[in-house]
Every structure is written in structure tokens, then in C-alpha cells.
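Student: Questions regarding the structure given below will be posed in turn.
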There are 2 protein chains.
Amino acid sequence: MNTKFENAMMLMPDKGHSFKVVRGTLVTSKDRIVFAGSDEEFSQYENDLKEDALKIDETIDCRNNLLMPGFKNAHTHTAMTFLRSYADDLPLQDWLTKQVFPKEALLREDDIYWLDLLGIMEYLTSGITANFDMYFYPRTIARASIDAGFRTVQTSSFNNFGGSPESMEEDYNFINNMGSDLTSFIIGFHAEYTTSMDKMERVASLADKLKSPVYLHNSETRREVDECLERWGKTPTELMDSLGMYKYGGGSFHAIWLNDNDYKIMKERGLYAVTNPCSNAKLASGICDLKRIIDDGIGLAIGTDGPASNNALDFFREIYMAAVLQKLKYMDAAAVPADEILYAAVSGGAHAMGLFDCDSLYPGNKADLVMIDMGRPNMQPENNIVKNLVYSAAKDDVKLTMVNGKILYRDGEFFLPYSPEEIYAKANAVINRMR
Amino acid sequence: MNTKFENAMMLMPDKGHSFKVVRGTLVTSKDRIVFAGSDEEFSQYENDLKEDALKIDETIDCRNNLLMPGFKNAHTHTAMTFLRSYADDLPLQDWLTKQVFPKEALLREDDIYWLDLLGIMEYLTSGITANFDMYFYPRTIARASIDAGFRTVQTSSFNNFGGSPESMEEDYNFINNMGSDLTSFIIGFHAEYTTSMDKMERVASLADKLKSPVYLHNSETRREVDECLERWGKTPTELMDSLGMYKYGGGSFHAIWLNDNDYKIMKERGLYAVTNPCSNAKLASGICDLKRIIDDGIGLAIGTDGPASNNALDFFREIYMAAVLQKLKYMDAAAVPADEILYAAVSGGAHAMGLFDCDSLYPGNKADLVMIDMGRPNMQPENNIVKNLVYSAAKDDVKLTMVNGKILYRDGEFFLPYSPEEIYAKANAVINRMR
């Protein structure tokens, strides 16, 4: 499938972490972007190719629309869609131990497939083209993404209550050898507070053996850090570093309660901070210090976390929260400019997930892109397109979401192997079975 | 125009500030809801009417959809759409004095009409059916709303730099006698920090003469309160009360930096607190204490503020922020339940604006309602509809917005006297003229 986008505004990388809008044409061939530039450059490009010019299957007129790289949702527990709006407005510990854990114990492998598809539908509606997932049954998660045509990088949820280094290694080898570039696997585990020392040491040696980065929940709550300090005399970040966990990089989901030495380790080891502002607000965990992370030159990515704690998987809401919570945290309206947030959302996330060819609309990159309708009232007038995207855009502006060169969502309609009704029926059957 | 909504889920008031979902039929006749109840009750109702039964012009099948009262956007500066994304990420004082004020000085009366229509379009996309506006040229604002078929209550932006008690009284009389129930006017002024003592005293006597409530920006920033204390030895709320400003009620826009006595005055005088969580975060003003306001039994309403400081006029984002910022403020995930936020958004706002017949779907009330598509992935599964609305809903879930019995927005399309293209062209002409 080759697609030509005509008369488009294209959001392209500019100096540093900023963006520029280029007007012209973008062409995708199979899973890749093969051209993105002005109409003049496109004429030259076609001229050079002569009879080798691409046969275009569909031409899309993008007049008044913006093409941008897809959002990378860099921390998710997608299949938790079944717990959306199930147990909100509760203290964190009650929420986890009395509501989430008992219900998760009732999940079956087949449930994961359908609950994942429900989450993927929702990702598509806000222009998310890839997610970084941590949940049970990683092979089933990979299958759901491949069947949907969606891109999913996974890490492990291994901890004292489930999984093993052996099964993680098997999943790593299995998923990274499925022959699909829609799915991959990175070493990881749940968190220090759920995982014993011998298990963490075994994760570290597995990462060493496989030369993999390591991801985990890290410093999400103050209590987590305090208890880790009590147990080991080190913060979670210091402890992981002392275990040699970060030889090949990795990162921290949440990354809120960090000290100076933690930031230093993250910078030195090239770790990524994956922030989850909506979940952290709703569960009263705190506000991640994005300004410090950006100023220190630490890689920043953004994620929605799971639908049990967010509750939506809406990247427009997520980037807005990421931006404005910094202004509240610093009591400074100038804290963290919009460009930095958008860069983290589309490029930083890609890098954290190892998707280095999904980070921009440059030719050669994967065709993971979104078309934004600039003809909606909230995107008008056009004072500044990047600020419109970060501070004003919403899901009803998404006209089209393309992953790996295939259109999976367009004008409110999904192009997936199952109908929405079938997926909703399966999801509702799960919650009804558990009642 | 009489409209019948069949097979609907309807969000109806329950005990206190909570809601219940009733399944059945809702009928509107001209500008009013005339029936809302189960299908059985509807058969009985039709039977009782016999030949006087309504002639229905359109029947809408609401299968899988939810009917709910429209959101009341209880603090706006709608025509500031021209400044959206114009000057973000700046310190508050620079933003106001170097960017906002100089550009506002270039506004012409005719601009207001078109910039207002742009804002009204945006209101409709997130299910807002009424706004409480404060801006220049109130008669033009009223005309834009009447032409659009939208409901707008206004108050005055009078201060040292513009307006007079005389013109306010004229606007009050003019707008409240336009013969349209789409628009009305309540006494008010900009804020203590922009208005001299003699002018405030004249507002108080005008409110007394007209038996009107009084609304103003109050305690938005700590600096505003500190400076008022220095000037007058009283907080803004204490000062207004001492001037007899609140004889007929009224309220405070923002209401962040209040002390115990301020809350006491608000409670005793029956004042409303209108919170603006997105604007307050983005401008780093602070977090309004909704928990205290609710616990004290003070009336609560929610507003987006203007598009220069928000930047979207998206009520789903606004109610989400209202809810989750309380959890961060108290570091308690249980702070303020979702029902209270939804009540403030649909009913509390109506009461603050004097729209007592727009606060619920009860028969007899105005037909100001919204149809929400429950067949979107973010609204599935259906664990809890109120929590889905507050924590998960987004603008792409809005299927239809009806104001005063007329459908103004449906399936992404606007039913207004001008095309979107015409309105956008006018708005872009304003910003181009000012460059």
C-alpha cells in the first residue's frame, strides 16, 4: 500500500527539541515514509525516479490538516481497561490491594487479548501509534497488537507474585523473533517494593546476558522511596545502579521522588524518565520534575499509565497535564515550553522504547503518523501550531491514525479485524463474569 | 420543533449531589423538556394526553447513548479566542501587560461578534450549553449568542480602564429586555486590583438598586490578596462584603487564596465559587480548594476562563482537572468524589448563573442537553457512567448538543447561521490585522 498525502502541513523537527511546519507532500510506501517535502522537491523527486516512480494506491488531500508523527505512549498496562471507572476516589493502598489485585487474579489469558484490543482502539482515537506495555501474558499482548496492526514494545511485570527470569527470557526470545516489527520486548520488572533482592539480581544478570536495557516502576510514591531507603540504605535508582542493572540503559516509569544523585545516575547511564502526569495526579502520587529532567538533559517520555488509574488513554489530555503541572509545581507560568513536551510525546517516547525509526516524519522512518484536523474551532485561529497541539488539541481533531503504513482509524471509524461491538461485548463479558 | 429521544440512558438527579441513570424516553417541545422517564411512564403519559399528544417532528434513536444536562461554563472571556496560543509559557505579569492588554486595545466591536461565534462553536463540541461571559461590548456578545441560538449570561468587566456604572446599568436594562431568554445580564466588575474604591462603591449601590447579585475575579493570585490586604486591611471577599456588595448574592471567579473568614462570608451570603482549574494551572495561580468549598456547603461552579489562558474551551478536560488537582492538593486519591464535580459542572454552574431551569433533565426545564456516545472505546466497559464522564470522557464522545430545544451540533457538524470557514476567516483576519 502506497499513500500520497497532498497539500499537507507537516510537523518536522527543527533545532534542538523544536518543530517547524513544512507545507507540501508526504508519501508512504508499505511501512515507511519515503518522501516528505515541499511540492517543488516532490516534482524533482518524481522526475529523478522517472519510470521507477511509485504507483500510488490512495491520494489523500490534507488541505487544512496537519500531519504529525504519532504519539508514543511510553508507559501502559493496556489490558487494565476492564478496571476503568471500577474503583476511583479511593486511597491508593485500598485501591491496589482491595480492588485491583483481587480482580486481576480473576483474569484469564484470553481476556487479555480483547481488553488489549479495546485499549488499542482508544490509543488510535488520540493519535497514539505505539505503546510500551507491562502486563501479564506478553505473548498474547504481542498477538493482539500484530492482529490489530498496532505497534507495541513490551517489558516484563515480573515480581514476587508472578513470573520468573526464565519465563522472561523465553518471552524476550519469543517476541523478538516473531518476525513482526510491530512488536518487541525489553527486559524489566515491576518495582523494587514488589521484588526480592535475589530476583532483582537475576534480572540484572539476564539484562547483562541479553544486552538489554531495563525498565521498572521507580520512585512513584514517597513511601516507596522511604521504604527502599530503610531496606537497603539506597534509593531505588541507586540500588538498581549498584546491582549493575543499567549497563545497557533503561529507565524509570513515574520518576517522581528522585534526589540529586538519582538524576546524576539517570544522566550518566542514559536512562529515560517516563512521566505519567494524569495517573500521578489522580492517585495523588505527586508531580514529576520535568523541568529538572529537561534541564539536566535526561531523556523524557510520556505515558498514560493504565486505565484503572488515569482513567482515559488520551494523549492530548496527557501532554496538557504534563505541561501545566510544571507551571503549578514551580508556580511559574513560564516553566517548560510546549515544544519540549511535544518532543517528549512523539520523539522522546520513541527513543525510550528503542523505536529510533519512529521518531519523526523524516523519509526512511516508519509510517506511524497522525492527521490533525485544523478546521476545528479549538485549533483556530492559527497563532502557533505547536501550542495549539499541546494546549488546545483534543481527540475530536484526529482525522486519521496510520501505523506501519496502514490506516487503522479514520473519521471516527476503526479498521481492525473485529468490530467495536464485538470488542465491547468481550470487555463487558469480563466485568460481568467478575461481579 | 418537538423532538423525541428514544431508547436513551438519561442522567437524572439522585440524592444530594449524586446521579442515577434512568432508561427510557425524553421529549422536548419548543424550548422545554416536557417528558423524561421510563417507557412505561411514557405510554401512560401519551395515554393521558390522548388527542392532545405532541406532534413529534424528529425521533432520535439513542441506543447506546447517554442524555445528560449540558455543561455550564461559568466563567469565560469568549472573544479572547483571538489570543489562543498567542503568548503562552510567559510569566503572568508579562503575559497580561505586554501581550494581552496591547492586543485587546486593537479590538473592534465587530471583531467581538465573530470571535464569540468561534468560541460558541468550540463550546458546542464539548457539550457546553451555556456560558457566563465577561468581556467588552456586552450587547454584541448578546447578539452573537442570540444569532447562534446559544445561551449566554453576562456580567460586566468594568474597571478603572474601561466602562462606567452608567453604561453597566444601560447594558443591564438593554440585555435583560431583549425579549430573548437566551441572554441575560448580572451586575459585576473586573476585580479589586483594577478598580478604585469609589467605582466599587458605585457598583455596590447599583447592585442594590437593581437587586442583582455581583460577580468579580476574586483571590485568583496570592499577590492580588496580599496587595488588597495592604491597601484596605481586608481580603477582597471581606472588602466586598463590607461595601455591601453581596446583598443579593453573587460570587467569585477563581476563589483560590481564601481565608477562613472568606469561606464564612461566602457561606453566609450564599455566594458561588467559580473554579477555573486549567487556567489556574497554566498561569501558575494555584489550586482552588474545592474540598473545603464542598464541605462548607458553598455553591460550586466550574469555568474554562478565556482561551488566552487555558487554551482550549473543553469541559471534559476542565472537569477532569477540577477533580484530579484536589487529589494532588490533598495528596489523597479519595479527595472529592466524581459526583460532586459533575454536579458542579451541570447544576452548580446553572445556579450560579441564575439559570435555575437549566440544571437537570427534569420535565419543565429548558431543553439544554447533550447526547454522549457510549459506543466509544474510552467509555467502555460500563463499570460506572458518572466516573466514565468525569475521568474518561472526551470531546469525540459528543454526538449532539441541543440548546433551548434546537440542535446546534451533531456528529461533528454545526447548525449555525454561518459556516465554520466564514467564522475562521473572520478570526484569522483579526489576528492578521494585528500583526
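The way I read the labels, and the way they are meant: chains A, B, ... in the order of the C-alpha cells, residue 1 as the first residue of every chain, and ligand 1 as the first ligand shown, with later ones counted on from there.
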Kindly determine which residues of chain A lie within 7 Å of chain B, considering only C-alpha atoms, and give the answer as a PyMOL selection string.

Tutor: chain A and resi 82+84-86+89-92+118+121-122+281-286+311-312+317+324-325+327-328+331-335+337+377-378+380-381+383-384+387-388+391-392+394-396+424+427-428

Student: Extract, using only C-alpha atoms, all DNA, RNA and protein residues at most 10 Å from Asp359 of chain A, discarding same-chain residues fewer than 3 positions from it, and format them as a short mmCIF file (atom, residue, chain, number, x, y, z; two decimals) with N, CA and C atoms, in the first residue's frame.

Tutor:
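Result went into result-v5.cif, see below:
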data_model
loop_
_atom_site.label_atom_id
_atom_site.label_comp_id
_atom_site.auth_asym_id
_atom_site.auth_seq_id
_atom_site.Cartn_x
_atom_site.Cartn_y
_atom_site.Cartn_z
N PRO A 13 11.03 18.10 12.50
CA PRO A 13 11.99 18.51 13.53
C PRO A 13 12.72 19.77 13.11
N PRO A 69 4.04 13.20 13.56
CA PRO A 69 4.40 11.84 13.99
C PRO A 69 3.41 11.38 15.06
N GLY A 70 3.13 10.09 15.11
CA GLY A 70 2.23 9.56 16.13
C GLY A 70 2.78 9.76 17.53
N PHE A 71 1.88 9.83 18.51
CA PHE A 71 2.30 9.88 19.91
C PHE A 71 2.80 8.50 20.34
N LYS A 72 3.82 8.49 21.20
CA LYS A 72 4.34 7.23 21.74
C LYS A 72 3.93 7.17 23.21
N TYR A 343 8.00 17.27 21.96
CA TYR A 343 9.16 16.44 21.59
C TYR A 343 9.17 15.14 22.39
N ALA A 344 8.93 15.25 23.70
CA ALA A 344 8.90 14.04 24.54
C ALA A 344 7.78 13.10 24.08
N ALA A 345 6.65 13.69 23.67
CA ALA A 345 5.47 12.88 23.32
C ALA A 345 5.67 12.10 22.03
N VAL A 346 6.35 12.69 21.05
CA VAL A 346 6.49 12.00 19.77
C VAL A 346 7.87 11.37 19.56
N SER A 347 8.93 12.04 20.03
CA SER A 347 10.29 11.56 19.77
C SER A 347 10.92 10.91 21.00
N GLY A 348 10.84 11.58 22.15
CA GLY A 348 11.43 11.05 23.38
C GLY A 348 10.89 9.66 23.69
N GLY A 349 9.60 9.50 23.55
CA GLY A 349 8.97 8.20 23.79
C GLY A 349 9.50 7.14 22.84
N ALA A 350 9.65 7.51 21.57
CA ALA A 350 10.18 6.55 20.58
C ALA A 350 11.57 6.08 21.00
N HIS A 351 12.41 7.02 21.42
CA HIS A 351 13.77 6.66 21.82
C HIS A 351 13.76 5.75 23.04
N GLY A 354 13.12 2.28 22.12
CA GLY A 354 14.02 1.68 21.14
C GLY A 354 13.51 1.79 19.71
N LEU A 355 12.51 2.65 19.51
CA LEU A 355 11.92 2.81 18.17
C LEU A 355 12.55 4.02 17.48
N PHE A 356 13.85 3.90 17.17
CA PHE A 356 14.57 5.07 16.67
C PHE A 356 14.14 5.48 15.27
N TYR A 362 10.70 12.12 9.06
CA TYR A 362 11.79 12.05 8.07
C TYR A 362 11.63 10.83 7.17
N ASN A 365 11.92 6.74 7.84
CA ASN A 365 11.28 6.32 9.09
C ASN A 365 10.01 5.54 8.82
N LYS A 366 9.55 4.83 9.85
CA LYS A 366 8.29 4.10 9.79
C LYS A 366 7.13 5.07 9.54
N ASP A 368 4.34 5.92 10.82
CA ASP A 368 3.50 5.98 12.02
C ASP A 368 3.10 7.44 12.18
N LEU A 369 1.93 7.80 11.70
CA LEU A 369 1.61 9.23 11.67
C LEU A 369 0.13 9.49 11.91
#

Student: Can you tell me which residues surround Phe35 of chain A at a distance of at most 10 Å, considering only C-alpha atoms, apart from same-chain residues fewer than 2 positions away, and format the answer as a list in words?

Tutor: Lys4, Thr25, Leu26, Val27, Thr28, Ser29, Arg32, Ile33, Gly37, Ser38, Glu41, Phe42, Tyr45, Leu361, Tyr362, Pro363, Gly364 and Asn365 of chain A

Student: Among segment 85-309 of chain B, which residues does DSSP mark as strand (DSSP E) when it is run on the backbone? Keep the chain and numbering as in the structure and answer as number ranges by chain.

Tutor: B: 128-134, 151-155, 183-191, 214-218, 250-254, 272-275, 299-302

Student: I want to know what sits within 8 Å of segment 144-152 of chain B, based on only C-alpha atoms, with residues of the same chain fewer than 6 positions away left out; could you give that as a VMD selection string?

Tutor: chain B and resid 113 to 114 116 to 117 120 129 to 133 180 to 184 403 to 404 406 408 416 to 417

Student: Next, write the just-selected residues to a file, as an mmCIF file, in the first residue's frame, keeping N, CA and C atoms as the atom set.

Tutor:
data_model
loop_
_atom_site.group_PDB
_atom_site.id
_atom_site.type_symbol
_atom_site.label_atom_id
_atom_site.label_comp_id
_atom_site.auth_asym_id
_atom_site.auth_seq_id
_atom_site.Cartn_x
_atom_site.Cartn_y
_atom_site.Cartn_z
ATOM 1 N N TYR B 113 -18.045 39.984 17.713
ATOM 2 C CA TYR B 113 -19.133 39.145 17.206
ATOM 3 C C TYR B 113 -18.579 37.825 16.655
ATOM 4 N N TRP B 114 -17.572 37.930 15.802
ATOM 5 C CA TRP B 114 -17.037 36.729 15.144
ATOM 6 C C TRP B 114 -16.194 35.887 16.085
ATOM 7 N N ASP B 116 -16.602 35.644 19.224
ATOM 8 C CA ASP B 116 -17.573 34.977 20.087
ATOM 9 C C ASP B 116 -18.168 33.741 19.418
ATOM 10 N N LEU B 117 -18.511 33.887 18.154
ATOM 11 C CA LEU B 117 -19.085 32.742 17.436
ATOM 12 C C LEU B 117 -18.082 31.588 17.376
ATOM 13 N N ILE B 120 -18.287 29.948 20.670
ATOM 14 C CA ILE B 120 -19.536 29.194 20.808
ATOM 15 C C ILE B 120 -19.428 27.860 20.066
ATOM 16 N N THR B 129 -23.653 24.104 27.061
ATOM 17 C CA THR B 129 -24.895 24.689 26.544
ATOM 18 C C THR B 129 -25.121 26.123 27.033
ATOM 19 N N ALA B 130 -24.281 26.614 27.939
ATOM 20 C CA ALA B 130 -24.428 27.999 28.401
ATOM 21 C C ALA B 130 -23.085 28.475 28.930
ATOM 22 N N ASN B 131 -22.824 29.780 28.776
ATOM 23 C CA ASN B 131 -21.606 30.345 29.363
ATOM 24 C C ASN B 131 -21.921 31.623 30.124
ATOM 25 N N PHE B 132 -21.029 31.954 31.022
ATOM 26 C CA PHE B 132 -21.154 33.136 31.874
ATOM 27 C C PHE B 132 -19.980 34.025 31.500
ATOM 28 N N ASP B 133 -20.257 35.040 30.659
ATOM 29 C CA ASP B 133 -19.187 35.769 29.995
ATOM 30 C C ASP B 133 -18.900 37.131 30.625
ATOM 31 N N SER B 180 -35.331 37.896 24.620
ATOM 32 C CA SER B 180 -34.813 36.548 24.374
ATOM 33 C C SER B 180 -34.390 35.956 25.705
ATOM 34 N N ASP B 181 -34.814 34.731 25.978
ATOM 35 C CA ASP B 181 -34.341 34.108 27.221
ATOM 36 C C ASP B 181 -32.998 33.411 27.010
ATOM 37 N N LEU B 182 -32.367 33.639 25.859
ATOM 38 C CA LEU B 182 -31.027 33.092 25.646
ATOM 39 C C LEU B 182 -29.962 33.955 26.312
ATOM 40 N N THR B 183 -30.329 35.152 26.710
ATOM 41 C CA THR B 183 -29.279 36.041 27.197
ATOM 42 C C THR B 183 -29.788 36.888 28.357
ATOM 43 N N SER B 184 -28.905 37.118 29.316
ATOM 44 C CA SER B 184 -29.258 37.940 30.481
ATOM 45 C C SER B 184 -27.995 38.580 31.032
ATOM 46 N N VAL B 403 -29.487 23.287 22.471
ATOM 47 C CA VAL B 403 -29.686 24.452 23.342
ATOM 48 C C VAL B 403 -31.081 25.022 23.079
ATOM 49 N N ASN B 404 -31.832 25.191 24.145
ATOM 50 C CA ASN B 404 -33.177 25.784 24.026
ATOM 51 C C ASN B 404 -34.051 25.021 23.026
ATOM 52 N N LYS B 406 -33.129 23.410 20.359
ATOM 53 C CA LYS B 406 -32.618 23.319 18.985
ATOM 54 C C LYS B 406 -31.272 22.604 18.949
ATOM 55 N N LEU B 408 -27.771 22.303 17.834
ATOM 56 C CA LEU B 408 -26.786 23.223 17.246
ATOM 57 C C LEU B 408 -25.526 22.495 16.778
ATOM 58 N N LEU B 416 -25.399 26.521 12.562
ATOM 59 C CA LEU B 416 -25.297 27.924 12.944
ATOM 60 C C LEU B 416 -25.564 28.773 11.707
ATOM 61 N N PRO B 417 -25.830 30.081 11.868
ATOM 62 C CA PRO B 417 -26.164 30.900 10.699
ATOM 63 C C PRO B 417 -24.983 31.160 9.760
#

Student: Need the shell around Asn159 of chain B: protein/DNA/RNA residues with any atom at most 8 Å away, counting only C-alpha atoms. Skip same-chain ones fewer than 6 positions apart. Format as a short mmCIF file (atom, residue, chain, number, x, y, z; two decimals) with N, CA and C atoms, in the first residue's frame?

Tutor:
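Wrote it out as around_8.cif, contents follow:
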data_model
loop_
_atom_site.label_atom_id
_atom_site.label_comp_id
_atom_site.auth_asym_id
_atom_site.auth_seq_id
_atom_site.Cartn_x
_atom_site.Cartn_y
_atom_site.Cartn_z
N PHE B 189 -17.97 43.45 38.11
CA PHE B 189 -16.85 44.27 37.63
C PHE B 189 -15.60 43.40 37.60
N HIS B 190 -14.49 43.96 37.08
CA HIS B 190 -13.34 43.10 36.82
C HIS B 190 -12.74 42.51 38.09
N ALA B 191 -12.22 43.40 38.98
CA ALA B 191 -11.55 42.90 40.17
C ALA B 191 -11.16 44.07 41.06
N THR B 194 -8.04 46.21 39.96
CA THR B 194 -8.13 47.08 38.78
C THR B 194 -9.19 48.16 38.95
N THR B 195 -9.78 48.28 40.16
CA THR B 195 -10.95 49.14 40.31
C THR B 195 -10.82 49.99 41.57
N SER B 196 -11.02 51.29 41.43
CA SER B 196 -10.86 52.19 42.57
C SER B 196 -12.03 52.08 43.54
N LYS B 199 -15.39 53.62 42.54
CA LYS B 199 -16.05 52.82 41.50
C LYS B 199 -16.70 51.56 42.10
#

Student: What does the distance from atom CA of Glu318 of chain A to atom CA of Ile302 of chain A come to in Å, to one decimal?

Tutor: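 Atom-to-atom, atom CA of Glu318 of chain A to atom CA of Ile302 of chain A, that is 7.8 Å.
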
Student: Go ahead and compute the interatomic distance for atom CA of Ala301 of chain A and atom CA of Phe101 of chain A, in Å to one decimal.

Tutor: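 It comes out at 27.2 Å.
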
Student: Give me, as a list in words, all polymer residues having an atom no more than 7 Å from segment 263-277 of chain B, counting only C-alpha atoms and skipping those fewer than 6 positions away in the same chain.

Tutor: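 What passes the distance filter is Ala74, His75, Tyr246, Gly249, Gly250, Gly251, Ser252, Phe253, His254, Ala255, Ile287, Cys288, Gly297, Ile298, Gly299, Leu300, Ala301, Ile302, Gly303, Thr304, Asp305, Glu318, Met321, Ala322 and Ala352 of chain B.
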
Student: Any chance you could export the current selection's N, CA and C atoms as a PDB file, in the first residue's frame?

Tutor:
ATOM      1  N   ALA B  74     -19.082  28.438  33.600  1.00  0.00           N
ATOM      2  CA  ALA B  74     -19.492  29.533  34.476  1.00  0.00           C
ATOM      3  C   ALA B  74     -18.475  30.672  34.626  1.00  0.00           C
ATOM      4  N   HIS B  75     -17.405  30.652  33.839  1.00  0.00           N
ATOM      5  CA  HIS B  75     -16.526  31.827  33.766  1.00  0.00           C
ATOM      6  C   HIS B  75     -15.784  31.822  32.435  1.00  0.00           C
ATOM      7  N   TYR B 246     -22.748  42.205  48.420  1.00  0.00           N
ATOM      8  CA  TYR B 246     -23.361  40.877  48.274  1.00  0.00           C
ATOM      9  C   TYR B 246     -24.762  40.783  48.859  1.00  0.00           C
ATOM     10  N   GLY B 249     -26.463  38.393  46.840  1.00  0.00           N
ATOM     11  CA  GLY B 249     -25.629  37.255  46.441  1.00  0.00           C
ATOM     12  C   GLY B 249     -24.606  37.629  45.386  1.00  0.00           C
ATOM     13  N   GLY B 250     -24.147  36.608  44.671  1.00  0.00           N
ATOM     14  CA  GLY B 250     -23.106  36.798  43.663  1.00  0.00           C
ATOM     15  C   GLY B 250     -22.050  35.734  43.814  1.00  0.00           C
ATOM     16  N   GLY B 251     -20.813  36.085  43.449  1.00  0.00           N
ATOM     17  CA  GLY B 251     -19.777  35.062  43.574  1.00  0.00           C
ATOM     18  C   GLY B 251     -18.413  35.524  43.133  1.00  0.00           C
ATOM     19  N   SER B 252     -17.481  34.598  43.258  1.00  0.00           N
ATOM     20  CA  SER B 252     -16.070  34.867  42.989  1.00  0.00           C
ATOM     21  C   SER B 252     -15.568  33.961  41.877  1.00  0.00           C
ATOM     22  N   PHE B 253     -15.015  34.574  40.824  1.00  0.00           N
ATOM     23  CA  PHE B 253     -14.304  33.788  39.822  1.00  0.00           C
ATOM     24  C   PHE B 253     -12.903  33.474  40.365  1.00  0.00           C
ATOM     25  N   HIS B 254     -12.498  32.242  40.272  1.00  0.00           N
ATOM     26  CA  HIS B 254     -11.190  31.701  40.706  1.00  0.00           C
ATOM     27  C   HIS B 254     -11.208  31.279  42.183  1.00  0.00           C
ATOM     28  N   ALA B 255     -11.372  32.207  43.121  1.00  0.00           N
ATOM     29  CA  ALA B 255     -11.571  31.857  44.534  1.00  0.00           C
ATOM     30  C   ALA B 255     -10.516  30.891  45.066  1.00  0.00           C
ATOM     31  N   ILE B 287      -4.232  26.231  43.234  1.00  0.00           N
ATOM     32  CA  ILE B 287      -5.315  25.244  43.152  1.00  0.00           C
ATOM     33  C   ILE B 287      -6.425  25.660  44.101  1.00  0.00           C
ATOM     34  N   CYS B 288      -7.606  25.900  43.561  1.00  0.00           N
ATOM     35  CA  CYS B 288      -8.780  26.253  44.362  1.00  0.00           C
ATOM     36  C   CYS B 288      -9.111  25.079  45.292  1.00  0.00           C
ATOM     37  N   GLY B 297     -20.378  23.570  52.198  1.00  0.00           N
ATOM     38  CA  GLY B 297     -21.712  23.794  51.630  1.00  0.00           C
ATOM     39  C   GLY B 297     -21.815  25.078  50.820  1.00  0.00           C
ATOM     40  N   ILE B 298     -20.691  25.550  50.304  1.00  0.00           N
ATOM     41  CA  ILE B 298     -20.694  26.731  49.420  1.00  0.00           C
ATOM     42  C   ILE B 298     -20.983  26.260  47.994  1.00  0.00           C
ATOM     43  N   GLY B 299     -21.792  27.019  47.267  1.00  0.00           N
ATOM     44  CA  GLY B 299     -22.130  26.644  45.889  1.00  0.00           C
ATOM     45  C   GLY B 299     -20.892  26.637  45.007  1.00  0.00           C
ATOM     46  N   LEU B 300     -20.751  25.589  44.213  1.00  0.00           N
ATOM     47  CA  LEU B 300     -19.562  25.447  43.369  1.00  0.00           C
ATOM     48  C   LEU B 300     -19.962  25.380  41.902  1.00  0.00           C
ATOM     49  N   ALA B 301     -19.264  26.147  41.074  1.00  0.00           N
ATOM     50  CA  ALA B 301     -19.439  26.098  39.626  1.00  0.00           C
ATOM     51  C   ALA B 301     -18.053  25.996  38.994  1.00  0.00           C
ATOM     52  N   ILE B 302     -18.016  25.641  37.699  1.00  0.00           N
ATOM     53  CA  ILE B 302     -16.742  25.419  37.003  1.00  0.00           C
ATOM     54  C   ILE B 302     -16.741  26.222  35.706  1.00  0.00           C
ATOM     55  N   GLY B 303     -15.587  26.811  35.382  1.00  0.00           N
ATOM     56  CA  GLY B 303     -15.470  27.553  34.126  1.00  0.00           C
ATOM     57  C   GLY B 303     -14.126  27.327  33.471  1.00  0.00           C
ATOM     58  N   THR B 304     -14.067  27.574  32.173  1.00  0.00           N
ATOM     59  CA  THR B 304     -12.798  27.395  31.456  1.00  0.00           C
ATOM     60  C   THR B 304     -11.910  28.625  31.522  1.00  0.00           C
ATOM     61  N   ASP B 305     -12.465  29.776  31.946  1.00  0.00           N
ATOM     62  CA  ASP B 305     -11.778  31.052  31.773  1.00  0.00           C
ATOM     63  C   ASP B 305     -11.609  31.287  30.266  1.00  0.00           C
ATOM     64  N   GLU B 318     -11.682  20.223  31.607  1.00  0.00           N
ATOM     65  CA  GLU B 318     -11.854  21.091  32.771  1.00  0.00           C
ATOM     66  C   GLU B 318     -12.320  20.297  33.996  1.00  0.00           C
ATOM     67  N   MET B 321      -9.542  18.037  35.321  1.00  0.00           N
ATOM     68  CA  MET B 321      -8.567  18.819  36.085  1.00  0.00           C
ATOM     69  C   MET B 321      -9.132  19.214  37.446  1.00  0.00           C
ATOM     70  N   ALA B 322     -10.406  19.657  37.464  1.00  0.00           N
ATOM     71  CA  ALA B 322     -11.022  20.049  38.739  1.00  0.00           C
ATOM     72  C   ALA B 322     -10.907  18.893  39.736  1.00  0.00           C
ATOM     73  N   ALA B 352     -25.375  29.277  39.726  1.00  0.00           N
ATOM     74  CA  ALA B 352     -24.533  30.478  39.822  1.00  0.00           C
ATOM     75  C   ALA B 352     -24.944  31.519  38.785  1.00  0.00           C
TER      76      ALA B 352
END

Student: Please list as a list in words every residue within 9 Å of Val22 of chain B, counting only C-alpha atoms and excluding residues in the same chain fewer than 6 positions away.

Tutor: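 Here the qualifying residues turn out to be Ala8, Met9, Met10, Leu11, Met12, Ala36, Gly37 and Ser38 of chain B.
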
Student: What is the distance between atom CA of Ile186 of chain B and atom CA of Thr155 of chain B, in Å to one decimal?

Tutor: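 Distance reported for this atom pair: 4.9 Å.
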